[in-house]
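One file, protein24.cif, carrying mmCIF, C-alpha atoms:
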data_query
loop_
_atom_site.group_PDB
_atom_site.id
_atom_site.type_symbol
_atom_site.label_atom_id
_atom_site.label_comp_id
_atom_site.auth_asym_id
_atom_site.auth_seq_id
_atom_site.Cartn_x
_atom_site.Cartn_y
_atom_site.Cartn_z
ATOM 1 C CA MET A 1 -74.957 99.890 -95.801
ATOM 2 C CA ILE A 2 -77.941 98.237 -97.457
ATOM 3 C CA GLU A 3 -77.818 94.428 -97.721
ATOM 4 C CA PHE A 4 -79.326 93.850 -101.136
ATOM 5 C CA LYS A 5 -80.452 90.326 -101.909
ATOM 6 C CA TYR A 6 -79.078 89.018 -105.160
ATOM 7 C CA ASP A 7 -80.578 85.972 -106.886
ATOM 8 C CA GLN A 8 -78.863 82.651 -107.626
ATOM 9 C CA ASN A 9 -77.040 84.302 -110.524
ATOM 10 C CA GLY A 10 -75.863 87.255 -108.425
ATOM 11 C CA LEU A 11 -78.368 89.613 -109.994
ATOM 12 C CA ILE A 12 -81.083 91.975 -108.794
ATOM 13 C CA PRO A 13 -83.854 93.251 -111.093
ATOM 14 C CA ALA A 14 -84.137 97.002 -111.616
ATOM 15 C CA ILE A 15 -87.357 98.626 -112.743
ATOM 16 C CA VAL A 16 -86.636 101.768 -114.713
ATOM 17 C CA GLN A 17 -89.198 104.544 -114.638
ATOM 18 C CA ASP A 18 -89.225 107.956 -116.324
ATOM 19 C CA HIS A 19 -88.786 110.398 -113.434
ATOM 20 C CA LYS A 20 -91.130 112.973 -114.933
ATOM 21 C CA THR A 21 -93.947 111.008 -116.556
ATOM 22 C CA GLY A 22 -93.864 107.865 -114.410
ATOM 23 C CA GLU A 23 -93.784 105.699 -117.550
ATOM 24 C CA VAL A 24 -92.145 102.327 -116.939
ATOM 25 C CA LEU A 25 -89.363 102.115 -119.513
ATOM 26 C CA MET A 26 -87.696 98.748 -118.983
ATOM 27 C CA LEU A 27 -86.689 96.006 -116.606
ATOM 28 C CA ALA A 28 -83.008 95.183 -116.471
ATOM 29 C CA TYR A 29 -80.612 93.339 -114.175
ATOM 30 C CA MET A 30 -77.760 94.602 -112.066
ATOM 31 C CA ASN A 31 -74.982 92.700 -110.363
ATOM 32 C CA LYS A 32 -73.261 94.112 -107.296
ATOM 33 C CA GLU A 33 -70.701 95.991 -109.336
ATOM 34 C CA SER A 34 -73.261 97.624 -111.646
ATOM 35 C CA LEU A 35 -75.537 98.604 -108.764
ATOM 36 C CA GLU A 36 -72.651 100.212 -106.887
ATOM 37 C CA ARG A 37 -71.521 102.014 -109.993
ATOM 38 C CA THR A 38 -75.076 103.201 -110.755
ATOM 39 C CA ILE A 39 -75.367 104.689 -107.256
ATOM 40 C CA LYS A 40 -71.927 106.275 -107.392
ATOM 41 C CA GLU A 41 -72.156 107.741 -110.892
ATOM 42 C CA LYS A 42 -75.936 108.384 -110.987
ATOM 43 C CA ARG A 43 -75.827 106.773 -114.409
ATOM 44 C CA ALA A 44 -77.446 103.387 -115.072
ATOM 45 C CA TRP A 45 -75.168 100.346 -115.394
ATOM 46 C CA TYR A 46 -76.457 96.818 -115.868
ATOM 47 C CA TRP A 47 -75.434 93.238 -116.319
ATOM 48 C CA SER A 48 -76.393 91.820 -119.694
ATOM 49 C CA ARG A 49 -77.556 88.231 -119.250
ATOM 50 C CA SER A 50 -77.448 87.510 -122.984
ATOM 51 C CA ARG A 51 -73.984 88.941 -123.525
ATOM 52 C CA GLN A 52 -72.691 88.112 -120.012
ATOM 53 C CA LYS A 53 -71.294 91.576 -119.901
ATOM 54 C CA PHE A 54 -71.271 94.606 -117.633
ATOM 55 C CA TRP A 55 -72.543 97.598 -119.592
ATOM 56 C CA MET A 56 -73.560 101.215 -119.265
ATOM 57 C CA LYS A 57 -76.960 101.855 -120.784
ATOM 58 C CA GLY A 58 -76.372 104.026 -123.832
ATOM 59 C CA GLU A 59 -72.654 103.312 -124.138
ATOM 60 C CA THR A 60 -73.075 102.585 -127.845
ATOM 61 C CA SER A 61 -76.491 104.146 -128.604
ATOM 62 C CA GLY A 62 -76.032 107.311 -126.568
ATOM 63 C CA HIS A 63 -79.393 106.595 -124.938
ATOM 64 C CA VAL A 64 -78.099 107.009 -121.425
ATOM 65 C CA GLN A 65 -80.100 107.074 -118.216
ATOM 66 C CA ASP A 66 -79.340 109.681 -115.582
ATOM 67 C CA VAL A 67 -80.590 108.436 -112.249
ATOM 68 C CA LYS A 68 -82.597 110.996 -110.291
ATOM 69 C CA GLU A 69 -83.943 108.778 -107.502
ATOM 70 C CA ALA A 70 -83.513 105.172 -106.437
ATOM 71 C CA TYR A 71 -85.519 102.908 -104.144
ATOM 72 C CA TYR A 72 -85.386 99.299 -102.968
ATOM 73 C CA ASP A 73 -88.272 97.119 -101.959
ATOM 74 C CA CYS A 74 -89.398 95.517 -98.697
ATOM 75 C CA ASP A 75 -87.451 92.323 -99.399
ATOM 76 C CA ALA A 76 -84.385 94.218 -100.681
ATOM 77 C CA ASP A 77 -84.467 92.017 -103.780
ATOM 78 C CA ALA A 78 -85.681 94.556 -106.335
ATOM 79 C CA ILE A 79 -84.649 98.089 -107.262
ATOM 80 C CA LEU A 80 -86.635 100.979 -108.709
ATOM 81 C CA ILE A 81 -84.755 103.783 -110.410
ATOM 82 C CA LYS A 82 -86.294 106.984 -111.678
ATOM 83 C CA VAL A 83 -84.309 108.301 -114.586
ATOM 84 C CA GLU A 84 -84.016 110.992 -117.164
ATOM 85 C CA GLN A 85 -83.948 108.941 -120.350
ATOM 86 C CA THR A 86 -82.064 110.336 -123.326
ATOM 87 C CA GLY A 87 -83.721 109.041 -126.514
ATOM 88 C CA PRO A 88 -85.709 105.795 -126.498
ATOM 89 C CA ALA A 89 -85.087 103.262 -123.735
ATOM 90 C CA CYS A 90 -85.795 100.293 -126.002
ATOM 91 C CA HIS A 91 -83.383 98.927 -128.605
ATOM 92 C CA THR A 92 -86.387 98.701 -130.985
ATOM 93 C CA GLY A 93 -86.623 102.488 -131.004
ATOM 94 C CA ASN A 94 -89.731 102.557 -128.841
ATOM 95 C CA ARG A 95 -89.723 104.906 -125.881
ATOM 96 C CA SER A 96 -90.507 102.013 -123.519
ATOM 97 C CA CYS A 97 -89.729 98.300 -123.852
ATOM 98 C CA PHE A 98 -93.327 97.645 -122.767
ATOM 99 C CA PHE A 99 -94.914 98.726 -126.046
ATOM 100 C CA ARG A 100 -96.941 95.564 -126.683
ATOM 101 C CA LYS A 101 -100.302 95.099 -125.069
ATOM 102 C CA ILE A 102 -101.718 91.847 -123.752
ATOM 103 C CA GLU A 103 -105.419 91.567 -124.514
ATOM 104 C CA LEU A 104 -107.423 90.943 -121.371
ATOM 105 C CA MET B 1 -100.653 83.412 -128.812
ATOM 106 C CA ILE B 2 -97.767 85.230 -127.164
ATOM 107 C CA GLU B 3 -94.631 83.165 -126.516
ATOM 108 C CA PHE B 4 -93.545 84.480 -123.142
ATOM 109 C CA LYS B 5 -90.019 83.655 -122.071
ATOM 110 C CA TYR B 6 -89.832 82.159 -118.620
ATOM 111 C CA ASP B 7 -86.568 81.992 -116.688
ATOM 112 C CA GLN B 8 -84.713 78.879 -115.500
ATOM 113 C CA ASN B 9 -87.250 78.515 -112.692
ATOM 114 C CA GLY B 10 -90.245 78.845 -115.017
ATOM 115 C CA LEU B 11 -90.994 82.382 -113.838
ATOM 116 C CA ILE B 12 -91.473 85.778 -115.436
ATOM 117 C CA PRO B 13 -91.203 89.026 -113.452
ATOM 118 C CA ALA B 14 -94.243 91.290 -113.329
ATOM 119 C CA ILE B 15 -93.973 94.979 -112.553
ATOM 120 C CA VAL B 16 -97.127 96.229 -110.882
ATOM 121 C CA GLN B 17 -98.099 99.849 -111.399
ATOM 122 C CA ASP B 18 -101.054 101.842 -110.086
ATOM 123 C CA HIS B 19 -103.181 102.447 -113.181
ATOM 124 C CA LYS B 20 -104.193 105.938 -112.102
ATOM 125 C CA THR B 21 -101.125 107.457 -110.450
ATOM 126 C CA GLY B 22 -98.389 105.507 -112.246
ATOM 127 C CA GLU B 23 -96.781 104.635 -108.902
ATOM 128 C CA VAL B 24 -94.782 101.397 -109.060
ATOM 129 C CA LEU B 25 -96.233 99.218 -106.314
ATOM 130 C CA MET B 26 -94.247 95.987 -106.404
ATOM 131 C CA LEU B 27 -92.330 93.448 -108.419
ATOM 132 C CA ALA B 28 -93.593 89.883 -108.253
ATOM 133 C CA TYR B 29 -93.184 86.659 -110.205
ATOM 134 C CA MET B 30 -95.648 84.692 -112.268
ATOM 135 C CA ASN B 31 -95.419 81.173 -113.599
ATOM 136 C CA LYS B 32 -97.355 80.146 -116.705
ATOM 137 C CA GLU B 33 -100.423 79.190 -114.720
ATOM 138 C CA SER B 34 -100.567 82.441 -112.746
ATOM 139 C CA LEU B 35 -100.010 84.573 -115.838
ATOM 140 C CA GLU B 36 -102.804 82.793 -117.699
ATOM 141 C CA ARG B 37 -105.102 83.110 -114.730
ATOM 142 C CA THR B 38 -104.262 86.814 -114.302
ATOM 143 C CA ILE B 39 -105.157 87.476 -117.943
ATOM 144 C CA LYS B 40 -108.336 85.418 -117.782
ATOM 145 C CA GLU B 41 -109.650 86.751 -114.473
ATOM 146 C CA LYS B 42 -108.181 90.286 -114.652
ATOM 147 C CA ARG B 43 -107.080 89.707 -111.087
ATOM 148 C CA ALA B 44 -103.397 89.362 -110.175
ATOM 149 C CA TRP B 45 -102.064 85.866 -109.393
ATOM 150 C CA TYR B 46 -98.432 85.157 -108.634
ATOM 151 C CA TRP B 47 -95.974 82.455 -107.773
ATOM 152 C CA SER B 48 -94.458 82.870 -104.329
ATOM 153 C CA ARG B 49 -90.786 81.921 -104.483
ATOM 154 C CA SER B 50 -90.435 81.838 -100.685
ATOM 155 C CA ARG B 51 -93.529 79.735 -100.092
ATOM 156 C CA GLN B 52 -93.310 77.834 -103.435
ATOM 157 C CA LYS B 53 -96.979 78.464 -103.817
ATOM 158 C CA PHE B 54 -99.426 79.795 -106.377
ATOM 159 C CA TRP B 55 -101.381 82.655 -104.808
ATOM 160 C CA MET B 56 -103.875 85.369 -105.561
ATOM 161 C CA LYS B 57 -102.696 88.741 -104.329
ATOM 162 C CA GLY B 58 -105.007 89.705 -101.470
ATOM 163 C CA GLU B 59 -106.415 86.227 -100.886
ATOM 164 C CA THR B 60 -105.782 86.579 -97.157
ATOM 165 C CA SER B 61 -105.322 90.361 -96.757
ATOM 166 C CA GLY B 62 -108.142 91.425 -99.088
ATOM 167 C CA HIS B 63 -105.648 93.722 -100.819
ATOM 168 C CA VAL B 64 -106.475 92.478 -104.281
ATOM 169 C CA GLN B 65 -105.276 93.869 -107.596
ATOM 170 C CA ASP B 66 -107.733 94.327 -110.433
ATOM 171 C CA VAL B 67 -105.829 94.379 -113.682
ATOM 172 C CA LYS B 68 -106.797 97.215 -115.999
ATOM 173 C CA GLU B 69 -104.063 96.895 -118.635
ATOM 174 C CA ALA B 70 -101.177 94.526 -119.286
ATOM 175 C CA TYR B 71 -98.068 94.784 -121.444
ATOM 176 C CA TYR B 72 -95.025 92.654 -122.233
ATOM 177 C CA ASP B 73 -91.585 93.838 -123.167
ATOM 178 C CA CYS B 74 -89.440 93.614 -126.311
ATOM 179 C CA ASP B 75 -87.826 90.351 -125.168
ATOM 180 C CA ALA B 76 -91.144 88.900 -123.911
ATOM 181 C CA ASP B 77 -89.402 88.132 -120.625
ATOM 182 C CA ALA B 78 -91.058 90.756 -118.410
ATOM 183 C CA ILE B 79 -94.643 91.842 -117.796
ATOM 184 C CA LEU B 80 -96.112 95.186 -116.773
ATOM 185 C CA ILE B 81 -99.571 95.247 -115.268
ATOM 186 C CA LYS B 82 -101.531 98.357 -114.425
ATOM 187 C CA VAL B 83 -103.859 97.686 -111.560
ATOM 188 C CA GLU B 84 -106.446 99.116 -109.264
ATOM 189 C CA GLN B 85 -104.944 98.317 -105.884
ATOM 190 C CA THR B 86 -107.286 97.766 -102.952
ATOM 191 C CA GLY B 87 -105.477 98.826 -99.762
ATOM 192 C CA PRO B 88 -101.690 98.778 -99.558
ATOM 193 C CA ALA B 89 -99.717 96.639 -102.008
ATOM 194 C CA CYS B 90 -96.962 95.911 -99.486
ATOM 195 C CA HIS B 91 -97.244 93.436 -96.618
ATOM 196 C CA THR B 92 -95.596 96.100 -94.397
ATOM 197 C CA GLY B 93 -98.672 98.291 -94.805
ATOM 198 C CA ASN B 94 -96.942 100.721 -97.128
ATOM 199 C CA ARG B 95 -98.761 101.639 -100.313
ATOM 200 C CA SER B 96 -95.776 100.543 -102.404
ATOM 201 C CA CYS B 97 -93.074 97.970 -101.654
ATOM 202 C CA PHE B 98 -90.529 100.540 -102.855
ATOM 203 C CA PHE B 99 -90.788 102.801 -99.809
ATOM 204 C CA ARG B 100 -87.082 102.900 -98.959
ATOM 205 C CA LYS B 101 -84.801 105.329 -100.704
ATOM 206 C CA ILE B 102 -81.222 104.673 -101.761
ATOM 207 C CA GLU B 103 -79.062 107.735 -101.166
ATOM 208 C CA LEU B 104 -77.286 108.773 -104.360
#

Mind converting the file's structure to structure tokens?
Amino acid sequence: MIEFKYDQNGLIPAIVQDHKTGEVLMLAYMNKESLERTIKEKRAWYWSRSRQKFWMKGETSGHVQDVKEAYYDCDADAILIKVEQTGPACHTGNRSCFFRKIEL
Amino acid sequence: MIEFKYDQNGLIPAIVQDHKTGEVLMLAYMNKESLERTIKEKRAWYWSRSRQKFWMKGETSGHVQDVKEAYYDCDADAILIKVEQTGPACHTGNRSCFFRKIEL
């Protein structure tokens, strides 16, 4: 039984990576219920901070995430999931949510 | 001028990825000052939540991160940096902080 560390809002951040290409697709938040459901169903579930709602990624768009591998970090306060992404991960239609570059 | 969205603690999460292999190395937090300094110096600076301290990754260990590319997400509330990692990223000596697998 892994003792995950949730933040002050009961959430843990999950980095979502394409399991084949390694592309980072998004960062989302899970509460205990969504993390347990993600592990059990091998399908990504999150907690929406803006809508204050438990949701399955792709439940309306069809852009689901099948979880192939999952890891947790040294502090047990962050998750990494490697997924097979159906369609774009981003609600903007971009493959990844990280489509905007910061000039260095 | 990008309007980054900081959380209730004035922080933004930064996913750190190896710029060559695509391996996700860690998740850390930046405040406004550390993000600006990271962009300016192309060297990763964070905010330590446990020590409540502004720090340069590798300042004591020498395991610095040279930032090659940086991105921000659709909501401007998460950062992705692609780095050249000197030595291990994790304080445990592992290359990545995500060295523990969750059984699915």

Chain B near chain A within 9 Å: what's each residue's closest atom pair and its distance in Å to one decimal, counting all atoms listed in the file, ordered by chain then ascending residue number, as CSV?
residue,atom,partner,partner_atom,distance
B:Ile2,CA,A:Ile102,CA,8.4
B:Pro13,CA,A:Pro13,CA,8.8
B:Ile15,CA,A:Ile15,CA,7.6
B:Gln17,CA,A:Val24,CA,8.5
B:Thr21,CA,A:Gly22,CA,8.3
B:Gly22,CA,A:Gly22,CA,5.5
B:Glu23,CA,A:Gly22,CA,7.0
B:Val24,CA,A:Leu80,CA,8.2
B:Met26,CA,A:Asp73,CA,7.5
B:Leu27,CA,A:Ala78,CA,7.1
B:Thr38,CA,A:Leu104,CA,8.8
B:Ile39,CA,A:Leu104,CA,5.4
B:Lys40,CA,A:Leu104,CA,6.7
B:Glu41,CA,A:Leu104,CA,8.4
B:Lys42,CA,A:Leu104,CA,6.8
B:Val67,CA,A:Leu104,CA,8.6
B:Lys68,CA,A:Leu104,CA,8.3
B:Glu69,CA,A:Leu104,CA,7.4
B:Ala70,CA,A:Ile102,CA,5.2
B:Tyr71,CA,A:Lys101,CA,4.3
B:Tyr72,CA,A:Phe98,CA,5.3
B:Asp73,CA,A:Phe98,CA,4.2
B:Cys74,CA,A:Cys97,CA,5.3
B:Asp75,CA,A:Cys97,CA,8.3
B:Ala78,CA,A:Leu27,CA,7.1
B:Ile79,CA,A:Phe98,CA,7.8
B:Leu80,CA,A:Phe98,CA,7.1
B:Cys90,CA,A:Cys74,CA,7.6
B:His91,CA,A:Cys74,CA,8.4
B:Thr92,CA,A:Cys74,CA,7.6
B:Ser96,CA,A:Asp73,CA,8.3
B:Cys97,CA,A:Asp73,CA,4.9
B:Phe98,CA,A:Asp73,CA,4.2
B:Phe99,CA,A:Asp73,CA,6.6
B:Arg100,CA,A:Tyr71,CA,5.4
B:Lys101,CA,A:Tyr71,CA,4.3
B:Ile102,CA,A:Tyr71,CA,5.2
B:Glu103,CA,A:Ala70,CA,7.4
B:Leu104,CA,A:Ile39,CA,5.4

Give chain A as a tab-separated table (two decimals) with C-alpha atoms, keeping the file's coordinate frame once it has been least-squares superposed onto chain B over every C-alpha atom, paired in order.
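Saved file selection_22.tsv follows:
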chain	number	residue	atom	x	y	z
A	1	MET	CA	-100.67	83.42	-128.81
A	2	ILE	CA	-97.78	85.24	-127.16
A	3	GLU	CA	-94.64	83.16	-126.50
A	4	PHE	CA	-93.55	84.49	-123.13
A	5	LYS	CA	-90.02	83.66	-122.07
A	6	TYR	CA	-89.83	82.15	-118.62
A	7	ASP	CA	-86.56	82.00	-116.68
A	8	GLN	CA	-84.71	78.88	-115.50
A	9	ASN	CA	-87.24	78.51	-112.69
A	10	GLY	CA	-90.24	78.85	-115.01
A	11	LEU	CA	-90.99	82.37	-113.84
A	12	ILE	CA	-91.47	85.78	-115.44
A	13	PRO	CA	-91.20	89.03	-113.45
A	14	ALA	CA	-94.25	91.29	-113.33
A	15	ILE	CA	-93.97	94.98	-112.57
A	16	VAL	CA	-97.12	96.23	-110.89
A	17	GLN	CA	-98.09	99.84	-111.40
A	18	ASP	CA	-101.05	101.84	-110.09
A	19	HIS	CA	-103.18	102.45	-113.18
A	20	LYS	CA	-104.19	105.94	-112.10
A	21	THR	CA	-101.13	107.45	-110.44
A	22	GLY	CA	-98.39	105.51	-112.24
A	23	GLU	CA	-96.79	104.63	-108.90
A	24	VAL	CA	-94.78	101.41	-109.06
A	25	LEU	CA	-96.23	99.21	-106.32
A	26	MET	CA	-94.25	95.98	-106.40
A	27	LEU	CA	-92.33	93.44	-108.42
A	28	ALA	CA	-93.59	89.89	-108.26
A	29	TYR	CA	-93.18	86.66	-110.21
A	30	MET	CA	-95.64	84.69	-112.27
A	31	ASN	CA	-95.42	81.17	-113.60
A	32	LYS	CA	-97.35	80.14	-116.70
A	33	GLU	CA	-100.42	79.18	-114.72
A	34	SER	CA	-100.57	82.44	-112.74
A	35	LEU	CA	-100.02	84.58	-115.83
A	36	GLU	CA	-102.81	82.79	-117.70
A	37	ARG	CA	-105.11	83.11	-114.74
A	38	THR	CA	-104.26	86.81	-114.31
A	39	ILE	CA	-105.16	87.48	-117.95
A	40	LYS	CA	-108.34	85.42	-117.79
A	41	GLU	CA	-109.66	86.75	-114.48
A	42	LYS	CA	-108.19	90.29	-114.67
A	43	ARG	CA	-107.08	89.70	-111.09
A	44	ALA	CA	-103.40	89.36	-110.18
A	45	TRP	CA	-102.07	85.87	-109.41
A	46	TYR	CA	-98.43	85.15	-108.65
A	47	TRP	CA	-95.98	82.45	-107.77
A	48	SER	CA	-94.46	82.87	-104.33
A	49	ARG	CA	-90.79	81.92	-104.46
A	50	SER	CA	-90.45	81.84	-100.67
A	51	ARG	CA	-93.53	79.72	-100.09
A	52	GLN	CA	-93.32	77.83	-103.41
A	53	LYS	CA	-96.98	78.46	-103.80
A	54	PHE	CA	-99.42	79.80	-106.37
A	55	TRP	CA	-101.38	82.65	-104.81
A	56	MET	CA	-103.88	85.37	-105.57
A	57	LYS	CA	-102.69	88.74	-104.32
A	58	GLY	CA	-105.01	89.70	-101.48
A	59	GLU	CA	-106.41	86.22	-100.89
A	60	THR	CA	-105.78	86.57	-97.16
A	61	SER	CA	-105.33	90.36	-96.76
A	62	GLY	CA	-108.13	91.42	-99.09
A	63	HIS	CA	-105.64	93.71	-100.83
A	64	VAL	CA	-106.47	92.48	-104.28
A	65	GLN	CA	-105.28	93.87	-107.59
A	66	ASP	CA	-107.73	94.32	-110.43
A	67	VAL	CA	-105.83	94.38	-113.69
A	68	LYS	CA	-106.81	97.21	-116.01
A	69	GLU	CA	-104.06	96.89	-118.63
A	70	ALA	CA	-101.18	94.52	-119.29
A	71	TYR	CA	-98.07	94.79	-121.44
A	72	TYR	CA	-95.02	92.66	-122.23
A	73	ASP	CA	-91.59	93.84	-123.17
A	74	CYS	CA	-89.45	93.61	-126.31
A	75	ASP	CA	-87.83	90.36	-125.17
A	76	ALA	CA	-91.14	88.90	-123.92
A	77	ASP	CA	-89.41	88.14	-120.61
A	78	ALA	CA	-91.06	90.76	-118.41
A	79	ILE	CA	-94.64	91.84	-117.80
A	80	LEU	CA	-96.11	95.19	-116.77
A	81	ILE	CA	-99.57	95.25	-115.27
A	82	LYS	CA	-101.53	98.37	-114.43
A	83	VAL	CA	-103.86	97.69	-111.56
A	84	GLU	CA	-106.44	99.12	-109.27
A	85	GLN	CA	-104.93	98.32	-105.89
A	86	THR	CA	-107.28	97.77	-102.97
A	87	GLY	CA	-105.49	98.82	-99.76
A	88	PRO	CA	-101.69	98.79	-99.56
A	89	ALA	CA	-99.72	96.64	-102.00
A	90	CYS	CA	-96.97	95.92	-99.48
A	91	HIS	CA	-97.25	93.43	-96.62
A	92	THR	CA	-95.59	96.10	-94.41
A	93	GLY	CA	-98.66	98.29	-94.79
A	94	ASN	CA	-96.94	100.72	-97.13
A	95	ARG	CA	-98.76	101.65	-100.31
A	96	SER	CA	-95.77	100.54	-102.40
A	97	CYS	CA	-93.06	97.97	-101.64
A	98	PHE	CA	-90.53	100.55	-102.85
A	99	PHE	CA	-90.79	102.80	-99.80
A	100	ARG	CA	-87.07	102.91	-98.96
A	101	LYS	CA	-84.80	105.34	-100.71
A	102	ILE	CA	-81.22	104.69	-101.76
A	103	GLU	CA	-79.06	107.74	-101.19
A	104	LEU	CA	-77.28	108.78	-104.36

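Here CA of Thr86 (chain A) and CA of Glu33 (chain A) stand 23.0 Å from one another.
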
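The residue that comes closest to Ser61 (chain A), out of A:Asn31, A:Glu84, A:Ala44, A:Gly93 and on the basis of only C-alpha atoms, is A:Gly93.
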
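The space between CA of Asp66 (chain A) and CA of Leu11 (chain A) spans 20.9 Å.
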
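CA of Lys82 (chain A) is found 25.2 Å from CA of Tyr46 (chain B).
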